[in-house]
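Novice: This structure is in structure tokens; I'll ask about it shortly.
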There are 2 protein chains.
Amino acid sequence: MKKILVAIAALCIGLSAQAQQALWGGPSVESPVINADGTVTFRYLAPKAVKVEVTGDFLPTQKMEVEFNGNKMTYDAPGVGELKEGKGGVWEYTTPFVVAPDLYNYTFRVDGNTVIDPHNMWVNRDVASLTSVLLVAKEGARSDLYAIHDVPHGTVSKVWYYSPTAGFNRRLTVYTPAGYETSKAKYPVLYVLHGIGGDEDAWVTQGRATQILDNLIARGEAKPMIVVFTNGNISQEAAPLENSNGYVNPTMNLPQTMEGTFETAFPEIVKFIDGRYRTIAKKQSRAVCGLSMGGFHTLNLSLNYPDYFNYSGMFSAAIGVSDPTVSPMYMDFDAKLDRYFAKKPALLWIGCGKTDFLYQANLDFMKKMDEKGYKYSYMETDGGHIWKNWRIYLSEFVPLLFK
Amino acid sequence: MKKILVAIAALCIGLSAQAQQALWGGPSVESPVINADGTVTFRYLAPKAVKVEVTGDFLPTQKMEVEFNGNKMTYDAPGVGELKEGKGGVWEYTTPFVVAPDLYNYTFRVDGNTVIDPHNMWVNRDVASLTSVLLVAKEGARSDLYAIHDVPHGTVSKVWYYSPTAGFNRRLTVYTPAGYETSKAKYPVLYVLHGIGGDEDAWVTQGRATQILDNLIARGEAKPMIVVFTNGNISQEAAPLENSNGYVNPTMNLPQTMEGTFETAFPEIVKFIDGRYRTIAKKQSRAVCGLSMGGFHTLNLSLNYPDYFNYSGMFSAAIGVSDPTVSPMYMDFDAKLDRYFAKKPALLWIGCGKTDFLYQANLDFMKKMDEKGYKYSYMETDGGHIWKNWRIYLSEFVPLLFK
């Protein structure tokens with residue numbers, strides 16, 4: 001049996017030079033490795049390379065300036081760690097600091113070329129970039145919510161519905177909590193919306209939303225709920241490469257994202273979900289939240305359908321850009337805001353990072369509400385327009401729902 | 001609004017040098033591109049590289065010899081195409097031939113280092129290797145079954161069940177065909193098993209099984225059916241990095257794969273599926289198939305539970321390795337074979353490639369059946385122990401079921 005296993009292995013390995021090297025006696029490379037002292041070691045096999053670096057948001061950032069269409073903009077670029085070559089062409093870098101528990105993205109730069117870690121099978125796509133994932137989970141730290149534990153798991157489904165507005169079938173990701181299938185109970189529903197360049201996969205991959213839900217529910221810190229991850233790009237059937245359009249890579253420049261069509265078509269989704277699942281189909285048991293463009297959608301959905309959502313969460317919301325000339329959805333903002341609060345929603349929750357380019361827009365919006373005496377909750381975090389913050393906001397928002 | 005979109009773009013790009021380059025006015029790189037004449041162009045941005053090659057199974061293979069533990073073995077290694085550097089450090093290679101419609105895996109070699117295509121967001125994992133995916137789909141060609149079309153789509157769910165044998169929750173991938181949720185009908189069930197090093201994701205990613213099912217059902221060439229993709233590694237909760245064990249990369253060297261535990265525990269899965277879904281819970285409406293180790297499991301499940309499956313499909317099956325000393329599952333093979341055929345199964349289907357290292361073992365098994373006068377169907381293809389063949393076998397097997 002041993003011999004046949006070796007033969008199977010030999011014939012299955014396919015294309016990876018790394019895999020072949022490991023199998024045929026070359027060095028075995030483990031990367032990343034979270035060390036007992038809290039540092040992290042990264043390794044890369046490249047006997048012919050001259051310089052190998054690692055870059056990612058686990059490293060302190062450095063200010064970078066870019067110019068685009070004549071506009072100068074600064075942003076926080078991730079730092080760089082330099083790997084040293086060791087035996088057998090295995091390059092290595094260990095952080096000179098304890099890496100704080102969190103979820104990070106990183107890549108290598110091999111002689112100037114950016115590549116993901118070929119020894120780490122955990123790859124995330126963010127818009128049109130692939131990165132390797134480092135999760136430092138620690139009991140008691142928030143990042144423990146992002147890890148998979150041996151707790152009851154919800155079901156995560158890719159579900160298609162017909163959109164009359166789009167004229168084709170469109171995909172949703174739907175989370176049903178552990179116990180849903182064996183219960184006869186009806187459940188509340190949370191709709192979770194992505195940012196520009198995202199899709200119905202984004203919150204599940206980069207956002208770790210289904211892990212956050214599983215863990216909060218298992219701890220008794222959140223109510224069991226159905227969670228629906230929509231695709232907010234009405235021109236798309238589904239995530240790039242998972243629809244019938246072939247090789248169309250992700251882009252931030254899609255039509256029909258922030259001009260009202262998504263909000264106009266939203267009742268189609270609610271109708272589908274309430275028809276397909278055992279939902280409590282009323283405002284008291286319905287919530288919506290979203291990041292960036294999804295925060296913009298969240299606000300506009302909440303104002304335009306004041307009888308839909310009792311809980312709304314705006315995460316780094318791209319507000320202040322609604323253009324009433326492009327859609328009736330965006331007309332009469334102030335009047336709609338008054339109407340919304342007159343109907344006494346249970347929660348309007350806002351989260352924003354101090355260095356987010358949308359920080360001021362969110363402050364302005366809160367100032368407007370303060371002047372009118374409208375209540376909301378606000379969480380301010382360090383950092384900017386990043387997934388690290390959106391995972392925090394989701395894990396703060398979800399426990400507040402359906403109490 | 002334009003300005004804010006640019007700002008969102010700037011702040012969302014994260015880590016990828018490629019993405020930054022594209023955004024800040026560097027060359028935009030499209031790869032792969034399927035040209036109108038049927039050739040395929042690959043591109044790679046690497047201004048500092050000295051040599052860039054592409055390798056993959058779309059290129060003619062070359063014989064390679066490897067030595068492992070003193071055993072010499074030859075295998076068909078994929079060919080290599082050399083990219084030429086053009087403007088802006090964009091390297092390019094166009095196949096000098098029409099690429100036959102099929103699904104391929106490829107990687108680049110940049111100055112000797114294997115990397116995936118950073119401009120192609122379609123990445124597959126095969127055991128512990130990451131590769132970029134090239135799908136050349138053509139109407140009328142089999143590969144059209146592997147593409148996503150605007151047809152009714154089934155629901156694909158990640159579902160957890162409790163395994164008393166394992167003592168923990170384990171994950172399955174479950175496909176319910178379009179119409180399942182809105183119907184009250186009961187459906188037949190096909191169980192699809194992976195090979196060594198695989199898991200409940202393998203047939204869905206590398207195997208394109210849910211696309212094959214969607215398309216065959218939409219064409220009327222297959223009956224609507226529930227399809228269950230099991231995890232055949234009893235020691236695993238779920239696919240690597242999707243379970244509670246953290247950074248344990250995929251390996252072909254797991255315990256409890258081919259020593260009887262999976263087969264012994266299989267009734268747990270059937271019981272769970274028949275309890276959870278509207279199945280026709282009887283032999284006439286149940287099928288099983290699998291590749292390599294999954295073909296071995298398929299045969300042993302069929303023989304040990306002769307009242308379970310009316311249809312069995314062995315794809316490049318790793319047969320001839322059952323060791324009766326390790327499990328009662330593997331005892332009395334010949335007697336069980338007689339009993340199996342005495343119960344008149346509707347179909348035993350075998351597929352194998354001419355250069356598969358398991359070819360002779362499959363011929364030997366068929367010879368045994370011929371001598372006993374037992375009927376089976378056999379499909380022989382070119383090539384060896386590869387996904388290309390397993391996709392073919394699945395797409396041949398499924399239309400024969402539940403007639």
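Every chain in the structure tokens takes a letter, A first, then B, and so on in the order presented; its residues are numbered from 1, and the ligands are numbered from 1 following the presented order.
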Please list as JSON, numbers by chain every residue within 12 Å of Gly179 of chain B, counting only C-alpha atoms and excluding residues in the same chain fewer than 3 positions away.
Specialist: {"A": [159, 160, 161, 276], "B": [151, 152, 153, 154, 155, 175, 176, 182, 183, 184, 185, 186, 187, 214, 217, 218, 224, 225, 226]}
Novice: Using only C-alpha atoms, which protein or nucleic acid residues come within 7 Å of segment 251-265 of chain A? Drop anything in the same chain fewer than 2 positions from it, and give the result as an mmCIF file with C-alpha atoms, in the first residue's frame.
Specialist:
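Wrote it out as selection29.cif, contents follow:
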```cif
data_model
loop_
_atom_site.group_PDB
_atom_site.id
_atom_site.type_symbol
_atom_site.label_atom_id
_atom_site.label_comp_id
_atom_site.auth_asym_id
_atom_site.auth_seq_id
_atom_site.Cartn_x
_atom_site.Cartn_y
_atom_site.Cartn_z
ATOM 1 C CA VAL A 127 -11.157 43.090 -5.723
ATOM 2 C CA ALA A 128 -8.476 42.126 -8.286
ATOM 3 C CA THR A 165 -34.780 44.284 -12.600
ATOM 4 C CA ILE A 196 -17.235 48.791 -4.348
ATOM 5 C CA GLY A 197 -15.257 46.115 -6.187
ATOM 6 C CA GLY A 232 -24.621 44.952 -4.855
ATOM 7 C CA ASN A 233 -23.539 45.203 -8.494
ATOM 8 C CA ILE A 234 -26.781 44.864 -10.407
ATOM 9 C CA SER A 235 -24.934 44.293 -13.693
ATOM 10 C CA ASN A 249 -11.674 40.185 -13.738
ATOM 11 C CA PRO A 267 -37.384 44.395 -2.364
ATOM 12 C CA GLU A 268 -36.889 41.536 -4.888
ATOM 13 C CA HIS A 297 -26.627 51.345 0.367
ATOM 14 C CA LEU A 301 -32.263 51.384 1.989
ATOM 15 C CA VAL A 326 -29.392 60.318 -10.829
ATOM 16 C CA SER A 327 -32.185 58.521 -9.001
ATOM 17 C CA MET A 329 -33.837 57.007 -4.431
ATOM 18 C CA ALA B 9 -10.101 52.684 -5.228
#
```
Novice: Take atom CA of Val192 of chain B and atom CA of Leu241 of chain B and report the distance between them in Å, one decimal.
Specialist: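 Here the two named atoms are 21.6 Å from each other.
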Novice: Would you mind telling me which residue in B:Asp37, B:Glu221, B:Asp150, B:Glu82 lies nearest to chain A when using only C-alpha atoms?
Specialist: B:Asp150
Novice: Can you pull out the residues contacting Asn300 of chain B? Cut-off 12 Å, using only C-alpha atoms, and skip same-chain residues under 5 positions away; I want them as a ChimeraX atom specification.
Specialist: /B:258-264,266,288-290,293-295,305-306,308-309,312-314,317-324,327-334,336-337,340
Novice: As number ranges by chain, please: every residue in segment 129-260 of chain B that a backbone DSSP assignment puts in strand (DSSP E).
Specialist: B: 129-136, 155-163, 168-176, 189-193, 226-229
Novice: Using only C-alpha atoms, which residues sit within 10 Å of Thr61 of chain A once same-chain residues fewer than 5 positions away are excluded, as a list in words?
Specialist: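 Skipping anything fewer than 5 positions along the chain leaves Thr55, Gly56, Tyr75, Asp76, Ala77, Pro78, Gly79 and Val80 of chain A.
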Novice: Looking at A:Lys158, A:Arg109, A:Lys343, A:Arg278, which one is nearest to chain B, with distances taken over only C-alpha atoms?
Specialist: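 Smallest separation from chain B among the options: A:Lys158.
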Novice: Considering only alpha helix (DSSP H) as DSSP defines it on the backbone, what residues of segment 138-356 of chain B qualify? List them as an MDAnalysis selection string.
Specialist: chainID B and resid 202:205 209:218 261:276 293:304 333:342
Novice: Please write the residues from the selection above to a file, keeping N, CA and C atoms, as a compact mmCIF listing (two decimals), in the first residue's frame.
Specialist:
```txt
# COMPACT_ATOMS: atom_id res chain seq x y z
N ALA B 202 -12.74 19.39 -3.46
CA ALA B 202 -11.97 19.05 -4.66
C ALA B 202 -12.83 18.92 -5.92
N TRP B 203 -13.93 18.20 -5.84
CA TRP B 203 -14.76 18.00 -7.03
C TRP B 203 -15.45 19.29 -7.48
N VAL B 204 -15.64 20.20 -6.52
CA VAL B 204 -16.33 21.45 -6.85
C VAL B 204 -15.36 22.44 -7.49
N THR B 205 -14.09 22.43 -7.05
CA THR B 205 -13.12 23.37 -7.61
C THR B 205 -12.45 22.75 -8.85
N ALA B 209 -17.76 20.01 -10.85
CA ALA B 209 -18.91 19.11 -10.78
C ALA B 209 -20.24 19.85 -10.77
N THR B 210 -20.32 20.98 -10.06
CA THR B 210 -21.63 21.64 -9.99
C THR B 210 -21.98 22.32 -11.32
N GLN B 211 -20.96 22.75 -12.07
CA GLN B 211 -21.24 23.27 -13.41
C GLN B 211 -21.70 22.14 -14.33
N ILE B 212 -21.02 21.00 -14.25
CA ILE B 212 -21.40 19.85 -15.08
C ILE B 212 -22.84 19.45 -14.78
N LEU B 213 -23.20 19.41 -13.50
CA LEU B 213 -24.56 19.05 -13.11
C LEU B 213 -25.58 20.07 -13.62
N ASP B 214 -25.32 21.37 -13.34
CA ASP B 214 -26.22 22.43 -13.81
C ASP B 214 -26.48 22.30 -15.31
N ASN B 215 -25.40 22.13 -16.06
CA ASN B 215 -25.53 22.14 -17.53
C ASN B 215 -26.20 20.88 -18.06
N LEU B 216 -25.82 19.71 -17.53
CA LEU B 216 -26.45 18.46 -17.99
C LEU B 216 -27.94 18.46 -17.67
N ILE B 217 -28.30 18.96 -16.49
CA ILE B 217 -29.71 19.00 -16.10
C ILE B 217 -30.46 20.02 -16.97
N ALA B 218 -29.84 21.18 -17.22
CA ALA B 218 -30.50 22.21 -18.04
C ALA B 218 -30.73 21.71 -19.47
N THR B 261 -12.11 2.93 7.84
CA THR B 261 -12.95 3.77 8.71
C THR B 261 -13.98 4.57 7.90
N PHE B 262 -13.55 5.11 6.75
CA PHE B 262 -14.49 5.90 5.95
C PHE B 262 -15.69 5.04 5.54
N GLU B 263 -15.40 3.83 5.06
CA GLU B 263 -16.49 2.95 4.63
C GLU B 263 -17.36 2.54 5.81
N THR B 264 -16.72 2.24 6.94
CA THR B 264 -17.49 1.85 8.13
C THR B 264 -18.44 2.98 8.56
N ALA B 265 -17.95 4.21 8.45
CA ALA B 265 -18.74 5.36 8.92
C ALA B 265 -19.73 5.87 7.87
N PHE B 266 -19.69 5.34 6.66
CA PHE B 266 -20.50 5.92 5.58
C PHE B 266 -22.00 5.95 5.87
N PRO B 267 -22.56 4.91 6.51
CA PRO B 267 -24.00 4.97 6.79
C PRO B 267 -24.42 6.20 7.60
N GLU B 268 -23.52 6.76 8.40
CA GLU B 268 -23.81 8.02 9.13
C GLU B 268 -24.19 9.12 8.15
N ILE B 269 -23.44 9.17 7.05
CA ILE B 269 -23.67 10.24 6.07
C ILE B 269 -25.00 10.02 5.35
N VAL B 270 -25.25 8.79 4.94
CA VAL B 270 -26.50 8.49 4.23
C VAL B 270 -27.69 8.80 5.13
N LYS B 271 -27.57 8.43 6.40
CA LYS B 271 -28.65 8.69 7.35
C LYS B 271 -28.88 10.20 7.50
N PHE B 272 -27.78 10.94 7.60
CA PHE B 272 -27.89 12.40 7.73
C PHE B 272 -28.57 13.01 6.50
N ILE B 273 -28.11 12.61 5.32
CA ILE B 273 -28.66 13.18 4.08
C ILE B 273 -30.14 12.82 3.92
N ASP B 274 -30.48 11.55 4.18
CA ASP B 274 -31.88 11.14 4.05
C ASP B 274 -32.76 11.83 5.09
N GLY B 275 -32.17 12.20 6.23
CA GLY B 275 -32.93 12.92 7.25
C GLY B 275 -33.09 14.40 6.94
N ARG B 276 -32.08 14.99 6.31
CA ARG B 276 -32.06 16.43 6.09
C ARG B 276 -32.75 16.86 4.79
N MET B 293 -8.51 7.20 -4.89
CA MET B 293 -8.94 6.66 -3.60
C MET B 293 -10.46 6.61 -3.50
N GLY B 294 -11.13 7.59 -4.10
CA GLY B 294 -12.59 7.61 -4.11
C GLY B 294 -13.18 6.49 -4.95
N GLY B 295 -12.43 6.00 -5.94
CA GLY B 295 -12.86 4.84 -6.71
C GLY B 295 -12.74 3.56 -5.88
N PHE B 296 -11.67 3.52 -5.11
CA PHE B 296 -11.47 2.43 -4.14
C PHE B 296 -12.60 2.44 -3.12
N HIS B 297 -12.91 3.62 -2.57
CA HIS B 297 -14.04 3.73 -1.63
C HIS B 297 -15.35 3.31 -2.31
N THR B 298 -15.53 3.75 -3.55
CA THR B 298 -16.76 3.43 -4.27
C THR B 298 -16.96 1.92 -4.38
N LEU B 299 -15.89 1.22 -4.77
CA LEU B 299 -16.00 -0.23 -4.92
C LEU B 299 -16.28 -0.88 -3.57
N ASN B 300 -15.57 -0.47 -2.53
CA ASN B 300 -15.75 -1.10 -1.23
C ASN B 300 -17.11 -0.77 -0.61
N LEU B 301 -17.59 0.45 -0.83
CA LEU B 301 -18.94 0.78 -0.36
C LEU B 301 -19.98 -0.05 -1.09
N SER B 302 -19.80 -0.20 -2.40
CA SER B 302 -20.76 -0.95 -3.20
C SER B 302 -20.82 -2.41 -2.77
N LEU B 303 -19.65 -3.00 -2.49
CA LEU B 303 -19.60 -4.41 -2.11
C LEU B 303 -20.07 -4.64 -0.68
N ASN B 304 -19.73 -3.71 0.21
CA ASN B 304 -20.08 -3.91 1.62
C ASN B 304 -21.52 -3.53 1.95
N PHE B 333 -13.38 -10.43 -0.34
CA PHE B 333 -13.66 -9.62 -1.51
C PHE B 333 -14.46 -10.37 -2.57
N ASP B 334 -14.01 -11.59 -2.90
CA ASP B 334 -14.66 -12.34 -3.97
C ASP B 334 -16.10 -12.70 -3.63
N ALA B 335 -16.29 -13.09 -2.38
CA ALA B 335 -17.66 -13.45 -1.95
C ALA B 335 -18.57 -12.22 -1.99
N LYS B 336 -18.01 -11.08 -1.59
CA LYS B 336 -18.81 -9.85 -1.62
C LYS B 336 -19.12 -9.43 -3.06
N LEU B 337 -18.16 -9.65 -3.94
CA LEU B 337 -18.38 -9.33 -5.35
C LEU B 337 -19.53 -10.18 -5.90
N ASP B 338 -19.52 -11.45 -5.55
CA ASP B 338 -20.61 -12.34 -6.00
C ASP B 338 -21.96 -11.87 -5.45
N ARG B 339 -21.97 -11.54 -4.18
CA ARG B 339 -23.21 -11.09 -3.56
C ARG B 339 -23.71 -9.79 -4.20
N TYR B 340 -22.76 -8.88 -4.47
CA TYR B 340 -23.10 -7.60 -5.11
C TYR B 340 -23.81 -7.83 -6.45
N PHE B 341 -23.22 -8.67 -7.28
CA PHE B 341 -23.82 -8.88 -8.61
C PHE B 341 -25.10 -9.72 -8.54
N ALA B 342 -25.19 -10.58 -7.51
CA ALA B 342 -26.41 -11.37 -7.34
C ALA B 342 -27.61 -10.44 -7.10
```
Novice: Out of A:Glu242, A:Asp370, A:Glu92, A:Asp307, which residue has the shortest atom-to-atom distance to chain B when counting only C-alpha atoms?
Specialist: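 For chain B, the nearest of the candidates is A:Glu242.
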Novice: If you count only C-alpha atoms, which residues fall within 9 Å of Val52 of chain B, apart from same-chain ones fewer than 4 positions away, as a PyMOL selection string?
Specialist: chain B and resi 44+46+81-85+91-92+108-112
Novice: One number please: atom CA of Gln236 of chain B to atom CA of Lys138 of chain A, in Å, one decimal.
Specialist: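 Rounded to one decimal, the two atoms are 22.0 Å apart.
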Novice: Excluding Thr74 of chain A and any residue of its chain fewer than 4 positions from it, enumerate the residues within 7 Å of it, using only C-alpha atoms, and give them as a list in words.
Specialist: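 Once the nearby chain positions are removed, what remains is Lys63, Met64, Glu65 and Val66 of chain A.
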Novice: If you keep C-alpha atoms, can you produce a file of those selected residues as a PDB file, in the first residue's frame?
Specialist:
```pdb
ATOM      1  CA  LYS A  63       3.299  56.948   4.399  1.00  0.00           C
ATOM      2  CA  MET A  64       3.296  56.779   0.603  1.00  0.00           C
ATOM      3  CA  GLU A  65       2.328  59.429  -1.911  1.00  0.00           C
ATOM      4  CA  VAL A  66       0.708  58.622  -5.234  1.00  0.00           C
TER       5      VAL A  66
END
```
Novice: Between A:Gly38, A:Pro399, A:Gly195, A:Pro101, which is the closest to chain B once you count only C-alpha atoms?
Specialist: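 Looking only at the distances to chain B, the closest residue turns out to be A:Gly195.
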